[in-house]
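See below for entry-v3.cif, which holds mmCIF, C-alpha atoms and all ligand atoms; chains and numbers go by the auth columns.
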```cif
data_final
loop_
_atom_site.group_PDB
_atom_site.id
_atom_site.type_symbol
_atom_site.label_atom_id
_atom_site.label_comp_id
_atom_site.label_asym_id
_atom_site.label_seq_id
_atom_site.Cartn_x
_atom_site.Cartn_y
_atom_site.Cartn_z
_atom_site.B_iso_or_equiv
_atom_site.auth_seq_id
_atom_site.auth_asym_id
ATOM 1 C CA MET A 1 84.221 117.475 87.036 0.00 3 B
ATOM 2 C CA LEU A 2 84.601 115.155 84.019 0.00 4 B
ATOM 3 C CA SER A 3 86.744 116.609 81.213 0.00 5 B
ATOM 4 C CA PRO A 4 85.489 116.647 77.586 0.00 6 B
ATOM 5 C CA SER A 5 87.949 113.822 76.857 0.00 7 B
ATOM 6 C CA GLU A 6 86.542 111.728 79.738 0.00 8 B
ATOM 7 C CA LEU A 7 82.962 112.367 78.604 0.00 9 B
ATOM 8 C CA LEU A 8 83.953 110.990 75.197 0.00 10 B
ATOM 9 C CA ARG A 9 85.980 108.088 76.576 0.00 11 B
ATOM 10 C CA TYR A 10 83.079 106.936 78.756 0.00 12 B
ATOM 11 C CA GLU A 11 80.206 107.814 76.387 0.00 13 B
ATOM 12 C CA ARG A 12 79.124 104.183 76.015 0.00 14 B
ATOM 13 C CA GLN A 13 78.883 103.604 79.771 0.00 15 B
ATOM 14 C CA ILE A 14 77.496 106.965 80.927 0.00 16 B
ATOM 15 C CA PRO A 15 74.006 105.903 79.704 0.00 17 B
ATOM 16 C CA ILE A 16 74.280 103.060 82.251 0.00 18 B
ATOM 17 C CA PHE A 17 75.594 105.011 85.269 0.00 19 B
ATOM 18 C CA GLY A 18 74.608 108.588 84.412 0.00 20 B
ATOM 19 C CA VAL A 19 77.200 111.384 84.683 0.00 21 B
ATOM 20 C CA GLU A 20 76.741 111.204 88.451 0.00 22 B
ATOM 21 C CA GLY A 21 77.670 107.513 88.534 0.00 23 B
ATOM 22 C CA GLN A 22 80.695 108.164 86.334 0.00 24 B
ATOM 23 C CA GLU A 23 81.765 110.897 88.739 0.00 25 B
ATOM 24 C CA ARG A 24 81.387 108.457 91.639 0.00 26 B
ATOM 25 C CA LEU A 25 83.778 106.123 89.833 0.00 27 B
ATOM 26 C CA LYS A 26 86.220 108.991 89.329 0.00 28 B
ATOM 27 C CA LYS A 27 86.069 109.939 93.008 0.00 29 B
ATOM 28 C CA ALA A 28 86.577 106.322 94.123 0.00 30 B
ATOM 29 C CA SER A 29 89.852 104.670 95.046 0.00 31 B
ATOM 30 C CA VAL A 30 90.426 100.917 95.049 0.00 32 B
ATOM 31 C CA LEU A 31 93.191 98.842 96.595 0.00 33 B
ATOM 32 C CA VAL A 32 93.970 95.978 94.212 0.00 34 B
ATOM 33 C CA ALA A 33 95.565 93.341 96.429 0.00 35 B
ATOM 34 C CA GLY A 34 97.783 91.308 94.119 0.00 36 B
ATOM 35 C CA VAL A 35 98.253 91.947 90.399 0.00 37 B
ATOM 36 C CA GLY A 36 98.690 88.354 89.274 0.00 38 B
ATOM 37 C CA GLY A 37 96.016 86.533 87.288 0.00 39 B
ATOM 38 C CA LEU A 38 92.875 87.882 88.973 0.00 40 B
ATOM 39 C CA GLY A 39 94.445 91.234 89.845 0.00 41 B
ATOM 40 C CA SER A 40 95.599 91.853 86.238 0.00 42 B
ATOM 41 C CA PHE A 41 92.032 91.666 84.967 0.00 43 B
ATOM 42 C CA GLU A 42 90.572 93.491 87.949 0.00 44 B
ATOM 43 C CA ALA A 43 93.019 96.397 87.644 0.00 45 B
ATOM 44 C CA LEU A 44 92.565 96.566 83.868 0.00 46 B
ATOM 45 C CA TYR A 45 88.763 96.717 84.060 0.00 47 B
ATOM 46 C CA LEU A 46 88.773 99.161 86.980 0.00 48 B
ATOM 47 C CA ALA A 47 91.048 101.446 84.930 0.00 49 B
ATOM 48 C CA ALA A 48 88.787 100.965 81.889 0.00 50 B
ATOM 49 C CA LEU A 49 85.760 101.997 83.979 0.00 51 B
ATOM 50 C CA GLY A 50 87.516 105.200 85.044 0.00 52 B
ATOM 51 C CA VAL A 51 88.006 104.573 88.771 0.00 53 B
ATOM 52 C CA GLY A 52 89.970 107.629 89.973 0.00 54 B
ATOM 53 C CA LYS A 53 92.756 105.938 91.895 0.00 55 B
ATOM 54 C CA LEU A 54 94.138 102.404 92.000 0.00 56 B
ATOM 55 C CA VAL A 55 96.662 101.218 94.567 0.00 57 B
ATOM 56 C CA LEU A 56 98.379 98.110 93.206 0.00 58 B
ATOM 57 C CA VAL A 57 100.072 95.916 95.801 0.00 59 B
ATOM 58 C CA ASP A 58 102.211 92.933 94.834 0.00 60 B
ATOM 59 C CA GLY A 59 105.590 91.769 96.070 0.00 61 B
ATOM 60 C CA ASP A 60 106.276 89.354 93.191 0.00 62 B
ATOM 61 C CA VAL A 61 108.237 89.694 89.980 0.00 63 B
ATOM 62 C CA VAL A 62 106.959 88.561 86.566 0.00 64 B
ATOM 63 C CA ASP A 63 107.775 84.925 85.783 0.00 65 B
ATOM 64 C CA GLU A 64 107.330 83.125 82.473 0.00 66 B
ATOM 65 C CA SER A 65 104.770 80.787 84.072 0.00 67 B
ATOM 66 C CA ASN A 66 102.546 83.846 84.756 0.00 68 B
ATOM 67 C CA LEU A 67 102.048 84.696 81.088 0.00 69 B
ATOM 68 C CA ASN A 68 99.254 82.170 80.401 0.00 70 B
ATOM 69 C CA ARG A 69 96.867 84.421 82.331 0.00 71 B
ATOM 70 C CA GLN A 70 98.448 87.640 83.618 0.00 72 B
ATOM 71 C CA VAL A 71 97.530 89.872 80.704 0.00 73 B
ATOM 72 C CA LEU A 72 99.218 93.057 81.916 0.00 74 B
ATOM 73 C CA TYR A 73 102.675 91.580 81.249 0.00 75 B
ATOM 74 C CA THR A 74 104.755 90.622 78.234 0.00 76 B
ATOM 75 C CA VAL A 75 108.039 88.774 77.825 0.00 77 B
ATOM 76 C CA ASP A 76 109.793 92.156 78.166 0.00 78 B
ATOM 77 C CA ASP A 77 108.590 92.296 81.789 0.00 79 B
ATOM 78 C CA LEU A 78 110.157 88.996 82.927 0.00 80 B
ATOM 79 C CA GLY A 79 111.964 89.560 86.232 0.00 81 B
ATOM 80 C CA ARG A 80 110.397 93.011 86.789 0.00 82 B
ATOM 81 C CA PRO A 81 108.272 93.819 89.868 0.00 83 B
ATOM 82 C CA LYS A 82 104.626 93.216 88.939 0.00 84 B
ATOM 83 C CA ALA A 83 103.281 96.328 90.702 0.00 85 B
ATOM 84 C CA ILE A 84 105.682 98.578 88.743 0.00 86 B
ATOM 85 C CA ALA A 85 105.120 96.875 85.365 0.00 87 B
ATOM 86 C CA ALA A 86 101.327 96.855 85.862 0.00 88 B
ATOM 87 C CA ALA A 87 101.300 100.545 86.854 0.00 89 B
ATOM 88 C CA GLU A 88 103.186 101.485 83.653 0.00 90 B
ATOM 89 C CA LYS A 89 100.705 99.633 81.440 0.00 91 B
ATOM 90 C CA LEU A 90 97.652 101.020 83.185 0.00 92 B
ATOM 91 C CA ARG A 91 98.910 104.628 83.098 0.00 93 B
ATOM 92 C CA ARG A 92 99.318 104.347 79.327 0.00 94 B
ATOM 93 C CA PHE A 93 95.932 102.661 79.002 0.00 95 B
ATOM 94 C CA ASN A 94 94.036 105.343 80.938 0.00 96 B
ATOM 95 C CA PRO A 95 95.996 108.473 81.931 0.00 97 B
ATOM 96 C CA ASN A 96 92.942 109.771 83.849 0.00 98 B
ATOM 97 C CA VAL A 97 93.533 107.165 86.546 0.00 99 B
ATOM 98 C CA GLU A 98 96.040 107.825 89.320 0.00 100 B
ATOM 99 C CA ILE A 99 98.064 104.647 89.858 0.00 101 B
ATOM 100 C CA VAL A 100 100.102 103.962 92.982 0.00 102 B
ATOM 101 C CA ALA A 101 102.450 100.946 92.830 0.00 103 B
ATOM 102 C CA VAL A 102 103.481 99.204 96.054 0.00 104 B
ATOM 103 C CA SER A 103 105.995 96.404 95.524 0.00 105 B
ATOM 104 C CA GLU A 104 105.370 94.620 98.833 0.00 106 B
ATOM 105 C CA ARG A 105 103.651 91.508 100.099 0.00 107 B
ATOM 106 C CA ILE A 106 100.596 92.074 102.314 0.00 108 B
ATOM 107 C CA THR A 107 101.451 91.418 105.960 0.00 109 B
ATOM 108 C CA GLU A 108 99.974 92.231 109.388 0.00 110 B
ATOM 109 C CA ASP A 109 102.509 95.090 109.565 0.00 111 B
ATOM 110 C CA ASN A 110 101.607 96.935 106.363 0.00 112 B
ATOM 111 C CA VAL A 111 97.937 95.986 105.853 0.00 113 B
ATOM 112 C CA ASP A 112 96.328 98.830 107.818 0.00 114 B
ATOM 113 C CA GLY A 113 98.390 101.452 106.000 0.00 115 B
ATOM 114 C CA LEU A 114 97.498 99.919 102.633 0.00 116 B
ATOM 115 C CA VAL A 115 93.766 99.611 103.362 0.00 117 B
ATOM 116 C CA SER A 116 93.638 103.219 104.570 0.00 118 B
ATOM 117 C CA GLU A 117 94.877 104.339 101.105 0.00 119 B
ATOM 118 C CA ALA A 118 91.585 103.415 99.391 0.00 120 B
ATOM 119 C CA ASP A 119 87.775 103.429 99.758 0.00 121 B
ATOM 120 C CA TYR A 120 87.361 99.835 98.522 0.00 122 B
ATOM 121 C CA VAL A 121 89.458 96.658 98.454 0.00 123 B
ATOM 122 C CA ILE A 122 89.433 93.964 95.768 0.00 124 B
ATOM 123 C CA ASP A 123 91.061 90.570 96.083 0.00 125 B
ATOM 124 C CA GLY A 124 93.553 89.610 93.398 0.00 126 B
ATOM 125 C CA LEU A 125 95.476 87.315 95.719 0.00 127 B
ATOM 126 C CA ASP A 126 96.459 83.697 95.289 0.00 128 B
ATOM 127 C CA ASN A 127 96.692 82.651 98.933 0.00 129 B
ATOM 128 C CA TRP A 128 94.325 82.399 101.911 0.00 130 B
ATOM 129 C CA GLU A 129 96.861 83.596 104.477 0.00 131 B
ATOM 130 C CA ALA A 130 97.055 87.105 102.956 0.00 132 B
ATOM 131 C CA ARG A 131 93.298 87.121 102.224 0.00 133 B
ATOM 132 C CA PHE A 132 92.403 86.667 105.884 0.00 134 B
ATOM 133 C CA ILE A 133 94.821 89.455 106.887 0.00 135 B
ATOM 134 C CA LEU A 134 93.161 91.694 104.288 0.00 136 B
ATOM 135 C CA ASP A 135 89.594 90.671 105.208 0.00 137 B
ATOM 136 C CA ARG A 136 90.180 91.491 108.875 0.00 138 B
ATOM 137 C CA ALA A 137 91.840 94.841 108.127 0.00 139 B
ATOM 138 C CA ALA A 138 89.136 95.910 105.655 0.00 140 B
ATOM 139 C CA TYR A 139 86.401 94.956 108.166 0.00 141 B
ATOM 140 C CA ARG A 140 88.182 96.853 110.972 0.00 142 B
ATOM 141 C CA ARG A 141 88.379 99.972 108.847 0.00 143 B
ATOM 142 C CA GLY A 142 84.827 99.700 107.495 0.00 144 B
ATOM 143 C CA LYS A 143 85.962 99.259 103.872 0.00 145 B
ATOM 144 C CA PRO A 144 83.942 97.069 101.492 0.00 146 B
ATOM 145 C CA PHE A 145 86.019 94.103 100.323 0.00 147 B
ATOM 146 C CA VAL A 146 85.298 92.026 97.224 0.00 148 B
ATOM 147 C CA HIS A 147 86.841 88.581 97.539 0.00 149 B
ATOM 148 C CA ALA A 148 87.634 86.549 94.420 0.00 150 B
ATOM 149 C CA GLY A 149 89.334 83.181 94.121 0.00 151 B
ATOM 150 C CA VAL A 150 89.940 80.606 91.391 0.00 152 B
ATOM 151 C CA TYR A 151 90.887 76.967 91.265 0.00 153 B
ATOM 152 C CA GLY A 152 91.125 75.434 87.811 0.00 154 B
ATOM 153 C CA LEU A 153 87.835 75.960 85.989 0.00 155 B
ATOM 154 C CA GLN A 154 86.019 77.014 89.168 0.00 156 B
ATOM 155 C CA GLY A 155 85.931 80.165 91.217 0.00 157 B
ATOM 156 C CA GLN A 156 83.978 82.245 93.690 0.00 158 B
ATOM 157 C CA VAL A 157 83.226 85.880 94.466 0.00 159 B
ATOM 158 C CA ILE A 158 81.990 87.262 97.806 0.00 160 B
ATOM 159 C CA VAL A 159 81.118 90.905 98.516 0.00 161 B
ATOM 160 C CA VAL A 160 81.851 91.776 102.140 0.00 162 B
ATOM 161 C CA VAL A 161 80.351 95.036 103.411 0.00 163 B
ATOM 162 C CA PRO A 162 81.238 95.714 107.070 0.00 164 B
ATOM 163 C CA GLY A 163 78.127 95.962 109.245 0.00 165 B
ATOM 164 C CA GLU A 164 75.897 94.572 106.478 0.00 166 B
ATOM 165 C CA THR A 165 77.197 91.151 105.449 0.00 167 B
ATOM 166 C CA PRO A 166 79.113 88.223 106.934 0.00 168 B
ATOM 167 C CA CYS A 167 82.883 88.407 106.523 0.00 169 B
ATOM 168 C CA LEU A 168 85.199 85.880 104.890 0.00 170 B
ATOM 169 C CA ARG A 169 86.055 84.337 108.275 0.00 171 B
ATOM 170 C CA CYS A 170 82.366 83.616 108.933 0.00 172 B
ATOM 171 C CA LEU A 171 82.508 81.232 106.021 0.00 173 B
ATOM 172 C CA LEU A 172 85.986 79.773 105.888 0.00 174 B
ATOM 173 C CA PRO A 173 88.358 78.587 108.592 0.00 175 B
ATOM 174 C CA PRO A 174 91.335 80.975 108.951 0.00 176 B
ATOM 175 C CA SER A 175 93.519 77.864 109.140 0.00 177 B
ATOM 176 C CA LEU A 176 92.800 77.235 105.428 0.00 178 B
ATOM 177 C CA LYS A 177 96.068 76.513 103.628 0.00 179 B
ATOM 178 C CA THR A 178 96.850 77.337 100.026 0.00 180 B
ATOM 179 C CA PRO A 179 98.190 74.664 97.664 0.00 181 B
ATOM 180 C CA ALA A 180 101.663 75.542 96.360 0.00 182 B
ATOM 181 C CA LYS A 181 100.582 75.987 92.738 0.00 183 B
ATOM 182 C CA ILE A 182 96.933 76.679 92.000 0.00 184 B
ATOM 183 C CA PRO A 183 95.895 75.449 88.541 0.00 185 B
ATOM 184 C CA ALA A 184 94.660 78.434 86.546 0.00 186 B
ATOM 185 C CA VAL A 185 93.711 79.254 82.984 0.00 187 B
ATOM 186 C CA GLY A 186 93.410 82.770 81.520 0.00 188 B
ATOM 187 C CA PRO A 187 89.764 82.859 80.381 0.00 189 B
ATOM 188 C CA VAL A 188 88.387 81.506 83.672 0.00 190 B
ATOM 189 C CA VAL A 189 90.550 83.852 85.725 0.00 191 B
ATOM 190 C CA ALA A 190 89.163 86.657 83.516 0.00 192 B
ATOM 191 C CA LEU A 191 85.593 85.450 84.089 0.00 193 B
ATOM 192 C CA VAL A 192 85.926 85.415 87.875 0.00 194 B
ATOM 193 C CA GLY A 193 87.876 88.713 88.018 0.00 195 B
ATOM 194 C CA SER A 194 85.300 90.317 85.763 0.00 196 B
ATOM 195 C CA ILE A 195 82.414 89.245 88.033 0.00 197 B
ATOM 196 C CA ALA A 196 84.289 90.698 91.025 0.00 198 B
ATOM 197 C CA VAL A 197 84.782 94.043 89.237 0.00 199 B
ATOM 198 C CA THR A 198 81.140 94.072 88.083 0.00 200 B
ATOM 199 C CA GLU A 199 79.982 93.736 91.710 0.00 201 B
ATOM 200 C CA LEU A 200 82.376 96.482 92.827 0.00 202 B
ATOM 201 C CA MET A 201 81.230 98.718 89.942 0.00 203 B
ATOM 202 C CA LYS A 202 77.617 98.324 91.118 0.00 204 B
ATOM 203 C CA LEU A 203 78.614 99.046 94.712 0.00 205 B
ATOM 204 C CA ILE A 204 80.389 102.272 93.686 0.00 206 B
ATOM 205 C CA THR A 205 77.807 103.579 91.200 0.00 207 B
ATOM 206 C CA GLY A 206 74.663 102.375 92.966 0.00 208 B
ATOM 207 C CA VAL A 207 73.407 100.857 89.687 0.00 209 B
ATOM 208 C CA GLY A 208 72.012 97.309 89.881 0.00 210 B
ATOM 209 C CA GLU A 209 71.733 95.037 92.893 0.00 211 B
ATOM 210 C CA VAL A 210 74.963 94.002 94.575 0.00 212 B
ATOM 211 C CA SER A 211 75.119 90.343 95.613 0.00 213 B
ATOM 212 C CA LYS A 212 75.453 91.040 99.357 0.00 214 B
ATOM 213 C CA GLY A 213 75.375 88.147 101.806 0.00 215 B
ATOM 214 C CA ARG A 214 75.741 85.612 99.025 0.00 216 B
ATOM 215 C CA MET A 215 78.616 83.683 97.542 0.00 217 B
ATOM 216 C CA ILE A 216 78.711 83.623 93.750 0.00 218 B
ATOM 217 C CA ILE A 217 80.074 80.268 92.586 0.00 219 B
ATOM 218 C CA ILE A 218 81.337 79.931 89.024 0.00 220 B
ATOM 219 C CA ASP A 219 81.743 76.422 87.611 0.00 221 B
ATOM 220 C CA ALA A 220 83.101 76.665 84.078 0.00 222 B
ATOM 221 C CA TYR A 221 83.178 72.869 83.663 0.00 223 B
ATOM 222 C CA ASN A 222 79.396 73.054 83.127 0.00 224 B
ATOM 223 C CA MET A 223 79.149 76.849 82.871 0.00 225 B
ATOM 224 C CA ASP A 224 76.956 77.014 85.959 0.00 226 B
ATOM 225 C CA LEU A 225 76.610 80.199 87.975 0.00 227 B
ATOM 226 C CA MET A 226 75.169 79.683 91.447 0.00 228 B
ATOM 227 C CA ARG A 227 74.491 81.965 94.368 0.00 229 B
ATOM 228 C CA VAL A 228 74.523 80.618 97.894 0.00 230 B
ATOM 229 C CA HIS A 229 73.150 82.508 100.928 0.00 231 B
ATOM 230 C CA LEU A 230 75.723 83.167 103.645 0.00 232 B
ATOM 231 C CA LYS A 231 75.086 83.422 107.358 0.00 233 B
ATOM 232 C CA GLN A 232 77.079 85.225 109.991 0.00 234 B
ATOM 233 C CA ARG A 233 78.919 82.685 112.137 0.00 235 B
ATOM 234 C CA ALA A 234 78.203 82.944 115.858 0.00 236 B
ATOM 235 C CA GLY A 235 81.356 84.004 117.648 0.00 237 B
ATOM 236 C CA CYS A 236 83.102 85.419 114.545 0.00 238 B
ATOM 237 C CA SER A 237 85.093 88.554 115.353 0.00 239 B
ATOM 238 C CA CYS A 238 83.085 90.530 112.780 0.00 240 B
HETATM 239 ZN ZN ZN B . 82.635 87.106 110.305 0.00 301 U
#
```

Rewrite the structure from the file as structure tokens, please.
Ligand SMILES: [Zn+2]
Amino acid sequence: MLSPSELLRYERQIPIFGVEGQERLKKASVLVAGVGGLGSFEALYLAALGVGKLVLVDGDVVDESNLNRQVLYTVDDLGRPKAIAAAEKLRRFNPNVEIVAVSERITEDNVDGLVSEADYVIDGLDNWEARFILDRAAYRRGKPFVHAGVYGLQGQVIVVVPGETPCLRCLLPPSLKTPAKIPAVGPVVALVGSIAVTELMKLITGVGEVSKGRMIIIDAYNMDLMRVHLKQRAGCSC
């Protein structure tokens, strides 16, 4: 099912996944929740890998203060909806990938419809309120959800697989509030987003060992990478 052009485009990664793994990527669809800092890198690397369909959801427009880290946008995009601008870039980058742009914020009302559009969900969000809505909906629908978050030079990644691992709410109180402006720098956002996509890539292709039931903590102040075991919380709705 891969075209001669795709076989050439992916020739450096097919030795890692095999043709079968590459076809799994092509058959897969991923909901990218937020195409800000994290989501820009996640969407870019998922498109580079050759994931068949990406659903980009973001209700924001591009602001000048985004350009220190949100690599899908240029000054020409200022004021434009991020989902639309990101979709244009990614279609030009890899025309083999079907891109759906949804210029909406994630809410209780639209989350089930959005999650049902894809096989997997990846977190490119910047706030806990929307993350918990997404985590619950993905768990309800049995969709693996890769959480990623950054704060300054630190970040974390958690792979949630319904029925196999604890969920995000096992670990963090749903009352968690997001600071108004999270400090963020491009290379660290890229590092954390890239780890999230690497875990999702392994989940889709079956190559390597996915970090299930563990939180990956990235501390770029000292360049430490830690993994912490997670336990299901008694009484959690998952
Ligand atoms: Zn839970």

Go through chain B and flag each residue having an atom no more than 8 Å from ligand ZN 301 (chain U); for those, report the closest pair of atoms plus their distance in Å to one decimal, using all atoms listed in the file, ordered by chain and rising number, as CSV.
```
residue,atom,partner,partner_atom,distance
B:Pro168,CA,U:ZN301,ZN,5.0
B:Cys169,CA,U:ZN301,ZN,4.0
B:Leu170,CA,U:ZN301,ZN,6.1
B:Arg171,CA,U:ZN301,ZN,4.8
B:Cys172,CA,U:ZN301,ZN,3.8
B:Leu173,CA,U:ZN301,ZN,7.3
B:Gln234,CA,U:ZN301,ZN,5.9
B:Arg235,CA,U:ZN301,ZN,6.1
B:Cys238,CA,U:ZN301,ZN,4.6
B:Ser239,CA,U:ZN301,ZN,5.8
B:Cys240,CA,U:ZN301,ZN,4.2
```

Selected residues written out with C-alpha atoms, as a compact mmCIF listing (two decimals), in the coordinates of the input:
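Below is the file selection.txt, written as the result:
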```txt
# COMPACT_ATOMS: atom_id res chain seq x y z
CA PRO B 168 79.11 88.22 106.93
CA CYS B 169 82.88 88.41 106.52
CA LEU B 170 85.20 85.88 104.89
CA ARG B 171 86.06 84.34 108.28
CA CYS B 172 82.37 83.62 108.93
CA LEU B 173 82.51 81.23 106.02
CA GLN B 234 77.08 85.22 109.99
CA ARG B 235 78.92 82.68 112.14
CA CYS B 238 83.10 85.42 114.54
CA SER B 239 85.09 88.55 115.35
CA CYS B 240 83.08 90.53 112.78
```

What is the CA of Leu178 in chain B-CA of Asn68 in chain B distance in Å, reported with one decimal?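 Value for the CA of Leu178 in chain B-CA of Asn68 in chain B distance: 23.8 Å.
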
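Proximity ranking of B:Arg82, B:Lys145, B:Arg14, B:Arg93 relative to Ser31 in chain B places B:Lys145 first, based on only C-alpha atoms.
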
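Of the residues listed (B:Val123, B:Ser42, B:Arg71, B:Asp226), B:Ser42 shows the shortest atom-to-atom separation from Lys84 in chain B; distances use all atoms listed in the file.
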
Tell me which of B:Pro175, B:Gly39, B:Pro189, B:Gly208 sits closest to Trp130 in chain B, counting only C-alpha atoms.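 Nearest candidate to Trp130 in chain B out of B:Pro175, B:Gly39, B:Pro189, B:Gly208: B:Pro175.
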
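Note that CA of Asp62 in chain B and CA of Ala88 in chain B are 11.6 Å apart.
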
B:Ile197, B:Ile219, B:Leu27, B:Leu136: which is nearest Ala50 in chain B, counting only C-alpha atoms?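 Of the candidates, the smallest distance to Ala50 in chain B is held by B:Leu27.
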
With the file shown as input, list the residues that the PyMOL selection byres (((chain B and resi 195) around 12) and not hetatm) selects, as JSON, numbers by chain. {"B": [34, 36, 37, 38, 39, 40, 41, 42, 43, 44, 45, 46, 47, 48, 71, 72, 124, 125, 126, 127, 148, 149, 150, 151, 152, 156, 157, 158, 159, 160, 188, 189, 190, 191, 192, 193, 194, 196, 197, 198, 199, 200, 201, 202, 218, 220]}

Using all atoms of range 99-108 of chain B that appear in the file, construct an axis-aligned enclosing box with 6 Å of padding on every side and provide its centre coordinates and edge lengths in Å, rounded to one decimal, as lines of an AutoDock Vina configuration file.
```
center_x = 99.8
center_y = 99.7
center_z = 94.4
size_x = 24.5
size_y = 28.3
size_z = 27.8
```

Report the distance between CA of Ala236 in chain B and CA of Leu174 in chain B in Å, rounded to one decimal place. 13.0 Å

Residue by residue, what does the PyMOL selection byres (((chain B and resi 179) around 12) and not hetatm) grab here? Present the result as a ChimeraX atom specification. /B:128-134,174-178,180-184

Go through B:Arg26, B:Lys55, B:Lys204, B:Arg216 and flag the residue nearest Asn96 in chain B, using all atoms listed in the file for the distances.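 Once distances to Asn96 in chain B are computed over all atoms listed in the file, the minimum belongs to B:Lys55.
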
Nearest-residue call for Val117 in chain B, choices B:Ala35, B:Val99, B:Ala87, B:Val163, using only C-alpha atoms: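 Of all the options, B:Ala35 lies closest to Val117 in chain B.
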
Distance query Ala139 in chain B at most 8 Å, all atoms listed in the file, self and fewer than 3 positions along chain excluded, as a PDB file with C-alpha atoms, keeping the file's coordinate frame:
```pdb
ATOM      1  CA  VAL B 113      97.937  95.986 105.853  1.00  0.00           C
ATOM      2  CA  ASP B 114      96.328  98.830 107.818  1.00  0.00           C
ATOM      3  CA  VAL B 117      93.766  99.611 103.362  1.00  0.00           C
ATOM      4  CA  ILE B 135      94.821  89.455 106.887  1.00  0.00           C
ATOM      5  CA  LEU B 136      93.161  91.694 104.288  1.00  0.00           C
ATOM      6  CA  ARG B 142      88.182  96.853 110.972  1.00  0.00           C
ATOM      7  CA  ARG B 143      88.379  99.972 108.847  1.00  0.00           C
TER       8      ARG B 143
END
```
